[in-house]
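*Asks:* Pasting a structure here, questions to come.
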Amino acid sequence: MSSPLFSDITEDLSRTWGGPVHIKEVLPLANRLSHTSRLVLEGKGAFPSTVIAKHVPEAAYPANRLVPEFSDEMDLYQCLDTWTPTVTYKAAYLGSSPKGYLLLEDLGEHTANHDMEQVSKALAQSFAELHAKTFGKETSWMTFQKQQGLDPAAAQKKDNSKAVYAQRFQQGVEAILGRIPRGASGDLKSFKEEAETIFETLQHPGKWTALVHHDVLNHRQCIEKDEGLYLIDFENAIFSHALLDVAKSIVGKYEYTLDGQECYRDHLFFTNPQFPGTLITDYRHSLEADHGIRATDREFKQAMEAALLFSGIALYGEVLSLCKSSKIYGTERDNLHWIFSRSTQFLEEPYAFPAMTRLLRATFLIQQ
């Protein structure tokens, strides 16, 4: 850690706890859009023994301009702290600087709990709390961004934005239409109508609009502590349809390798066949029991199926673009079978979107 960064963080920590705090050791953890380190602290006073620092690369500090993902995550932690300072779904916010660092509570090491019943319940509770605490907060978030001198419209240009996912969904729909067997052409009109309904549902979620993490696919995006599961890495978080978090955890990720790293498949939640179904049930139960948020069976079923189908088709659109620039694990058809098996696995009759469900299963040879 460079001297200016080290000095600024030390000063910030000392100000936070009202006394001299010294950084005894810096333990690097990850280097992605931002660098993440565990800081071991020493001194006199009531402060934790370690904290987590996310910061720009040392050579770029102090930063003249932060990448949108990092600045959004930094601002989001500040905003969430003003809305809900006491929560059990994320690390506590400890401080930040526009020069390029974010200080967070240290939740401990990553663990991989293979008790899917426990993981599903804990993840469902974290999702439900995140969504329940942020339903109806989108306008407040946009106001906060403007107060910070940011342009909320710029967020629509990021890779994880609603606009980009809408484009991927439309690309996926067009690609599916080109694969549907000729004998199934009678359902094409209904398929297109249902695709439009799903698109509008996800673009305009109404009462389901909440902050979604948008990237919880495996244990690397969460940390287990005190029998709870805390979400980390909010750089992809956006306001969108709450059930996208549940759906994306079920649908998973395209199986690909990046820079020689191992395939993601073995680390994803969906590899346990019992995980997806229990997550849906556990999430709805937590919304109702813990937060008093209820939906009719019909309303929840339609919203959940729309989110699952949207996630699968948008993921197909993403795979199509990745095939041109990244190494895909397995064949394109293998990936499509995986994606739409997961997207339709828990859809039950009467289907909310019958033409789309049946055509996807028939086109990609998915057994019911």
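As shown in the structure tokens, the chain order sets the letters A, B, ...; within each chain, residues go from 1, and ligands are also counted from 1 in the order they appear.
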Extract, using only C-alpha atoms, all DNA, RNA and protein residues at most 10 Å from range 174-184 of chain A, discarding same-chain residues fewer than 3 positions from it, and format them as JSON, numbers by chain.

*Replies:* {"A": [168, 169, 170, 171, 187, 188, 191, 192, 313, 316, 317, 320, 355, 358, 359, 360, 362, 363, 364]}

*Asks:* Mind checking DSSP for range 114-239 of chain A and telling me the helix (DSSP H, G or I) residues as an MDAnalysis selection string?

*Replies:* chainID A and resid 116:134 138:147 152:157 162:177 182:203 206:208 219:221

*Asks:* What lies within 7 Å of range 136-141 of chain A using only C-alpha atoms, ignoring chain neighbours under 6 positions off, as a PDB file with N, CA and C atoms, in the first residue's frame?

*Replies:*
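Output file part.pdb is given in full below:
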ATOM      1  N   THR A 209     -39.938  -3.226  -7.236  1.00  0.00           N
ATOM      2  CA  THR A 209     -38.692  -2.483  -7.445  1.00  0.00           C
ATOM      3  C   THR A 209     -37.916  -2.359  -6.137  1.00  0.00           C
ATOM      4  N   ALA A 210     -36.697  -2.849  -6.136  1.00  0.00           N
ATOM      5  CA  ALA A 210     -35.843  -2.803  -4.946  1.00  0.00           C
ATOM      6  C   ALA A 210     -34.396  -2.814  -5.402  1.00  0.00           C
ATOM      7  N   PHE A 239     -31.169  -0.851  -8.954  1.00  0.00           N
ATOM      8  CA  PHE A 239     -32.591  -0.950  -8.633  1.00  0.00           C
ATOM      9  C   PHE A 239     -33.289  -1.615  -9.805  1.00  0.00           C
TER      10      PHE A 239
END

*Asks:* Name the residues in contact with Glu58 in chain A at a cut-off of 6 Å, using only C-alpha atoms, excluding same-chain residues fewer than 2 positions from it; report them as a PyMOL selection string.

*Replies:* chain A and resi 2+60-61

*Asks:* Could the residues in this selection be written to a file with N, CA and C atoms, as a compact mmCIF listing (two decimals), in the first residue's frame?

*Replies:*
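In the end it all went to part.txt:
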# COMPACT_ATOMS: atom_id res chain seq x y z
N SER A 2 0.60 2.17 -0.90
CA SER A 2 1.43 3.37 -1.04
C SER A 2 1.34 4.24 0.21
N ALA A 60 -2.66 4.55 -8.90
CA ALA A 60 -3.72 5.48 -9.32
C ALA A 60 -4.23 6.35 -8.18
N TYR A 61 -3.63 6.21 -6.99
CA TYR A 61 -4.08 6.97 -5.83
C TYR A 61 -3.23 8.22 -5.63

*Asks:* I'd like the contact shell of Leu104 in chain A - 12 Å cut-off, only C-alpha atoms, skipping same-chain residues fewer than 4 positions apart - returned as a list in words.

*Replies:* Ile9, Leu13, Thr16, Thr36, Ser37, Arg38, Leu39, Pro48, Thr50, Val51, Ile52, Ala53, Lys54, His55, Glu73, Met74, Tyr77, Gln78, Asp81, Lys90, Ala91, Ala92, Tyr93, Leu94, Gly95, Ser96, Gly108, Ile232 and Asp233 of chain A

*Asks:* Could you give me the residues within range 18-97 of chain A that DSSP places in strand (DSSP E), as a VMD selection string?

*Replies:* chain A and resid 21 to 31 35 to 43 50 to 55 93 to 97

*Asks:* Kindly save the residues from that selection, with C-alpha atoms included, as a PDB file, in the first residue's frame.

*Replies:*
ATOM      1  CA  VAL A  21      -5.205   3.838  15.299  1.00  0.00           C
ATOM      2  CA  HIS A  22      -2.245   2.305  13.527  1.00  0.00           C
ATOM      3  CA  ILE A  23      -2.174  -0.159  10.641  1.00  0.00           C
ATOM      4  CA  LYS A  24       0.098  -2.981  11.773  1.00  0.00           C
ATOM      5  CA  GLU A  25      -0.175  -5.123   8.650  1.00  0.00           C
ATOM      6  CA  VAL A  26      -1.769  -5.057   5.184  1.00  0.00           C
ATOM      7  CA  LEU A  27      -2.956  -8.435   3.870  1.00  0.00           C
ATOM      8  CA  PRO A  28      -3.957  -8.351   0.157  1.00  0.00           C
ATOM      9  CA  LEU A  29      -7.107 -10.335  -0.638  1.00  0.00           C
ATOM     10  CA  ALA A  30      -8.134  -9.571  -4.240  1.00  0.00           C
ATOM     11  CA  ASN A  31      -7.255  -7.406  -7.225  1.00  0.00           C
ATOM     12  CA  HIS A  35      -7.972  -3.853  -4.733  1.00  0.00           C
ATOM     13  CA  THR A  36      -9.185  -5.425  -1.503  1.00  0.00           C
ATOM     14  CA  SER A  37      -7.037  -5.799   1.617  1.00  0.00           C
ATOM     15  CA  ARG A  38      -7.475  -6.798   5.238  1.00  0.00           C
ATOM     16  CA  LEU A  39      -5.917  -4.216   7.550  1.00  0.00           C
ATOM     17  CA  VAL A  40      -4.640  -5.439  10.900  1.00  0.00           C
ATOM     18  CA  LEU A  41      -4.978  -2.616  13.435  1.00  0.00           C
ATOM     19  CA  GLU A  42      -3.256  -1.772  16.704  1.00  0.00           C
ATOM     20  CA  GLY A  43      -3.383   1.017  19.263  1.00  0.00           C
ATOM     21  CA  THR A  50      -9.146  -5.814  11.526  1.00  0.00           C
ATOM     22  CA  VAL A  51     -11.098  -3.931   8.850  1.00  0.00           C
ATOM     23  CA  ILE A  52     -11.495  -4.368   5.095  1.00  0.00           C
ATOM     24  CA  ALA A  53     -10.239  -1.708   2.687  1.00  0.00           C
ATOM     25  CA  LYS A  54     -11.281  -1.590  -0.972  1.00  0.00           C
ATOM     26  CA  HIS A  55      -9.234   0.924  -2.920  1.00  0.00           C
ATOM     27  CA  TYR A  93     -19.873   0.968   6.434  1.00  0.00           C
ATOM     28  CA  LEU A  94     -16.891   2.553   8.226  1.00  0.00           C
ATOM     29  CA  GLY A  95     -15.821   5.332   5.877  1.00  0.00           C
ATOM     30  CA  SER A  96     -14.732   6.272   2.381  1.00  0.00           C
ATOM     31  CA  SER A  97     -12.961   8.919   0.371  1.00  0.00           C
TER      32      SER A  97
END

*Asks:* Do you know which residues are at most 7 Å from Ala306 in chain A counting only C-alpha atoms, after dropping those on the same chain fewer than 4 positions away, and could you put them as a PyMOL selection string?

*Replies:* chain A and resi 198+302+310

*Asks:* To one decimal in Å, tell me the separation between CA of Thr278 in chain A and CA of Ser311 in chain A.

*Replies:*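 Computed distance, CA of Thr278 in chain A to CA of Ser311 in chain A, equals 18.3 Å.
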
*Asks:* Calculated over only C-alpha atoms, which of the candidates A:Ile238, A:Met142, A:Leu130, A:Val87 has the smallest distance to Asp215 in chain A?

*Replies:* A:Ile238

*Asks:* Calculated over only C-alpha atoms, which of the candidates A:Pro98, A:Gly312, A:Pro85, A:Pro68 has the smallest distance to Gly172 in chain A?

*Replies:*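 Looking at the shortest contact to Gly172 in chain A, the residue is A:Gly312.
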
*Asks:* Counting only C-alpha atoms, which of A:Trp208, A:Phe127, A:Phe70, A:Phe234 gets nearest to Ala303 in chain A?

*Replies:*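 Counting only C-alpha atoms, the residue closest to Ala303 in chain A is A:Trp208.
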
*Asks:* Got a sec: who's within 8 Å of Ala195 in chain A, counting only C-alpha atoms, leaving out chain neighbours fewer than 4 positions off, as a list in words?

*Replies:*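 Residues near the query, excluding close chain neighbours: Val173, Phe191, Phe199 and Met356 of chain A.
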
*Asks:* Using Å and a single decimal, report how far CA of Phe300 in chain A sits from CA of Ile280 in chain A.

*Replies:*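 Answer for the CA of Ile280 in chain A to CA of Phe300 in chain A separation: 10.1 Å.
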
*Asks:* Using only C-alpha atoms, which residue out of A:Ala122, A:Ala166, A:Cys79, A:Leu102 lies closest to Gln145 in chain A?

*Replies:*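 Under the stated criterion, the closest residue is A:Cys79.
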
*Asks:* Counting only C-alpha atoms, which residue out of A:Asp106, A:Asp245, A:Glu299, A:Asp159 sits closest to Thr201 in chain A?

*Replies:*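 Using only C-alpha atoms, the shortest distance to Thr201 in chain A belongs to A:Glu299.
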
*Asks:* From the list A:Ile223, A:Leu347, A:Leu202, A:Val251, which residue is nearest Tyr89 in chain A when using only C-alpha atoms?

*Replies:* A:Ile223
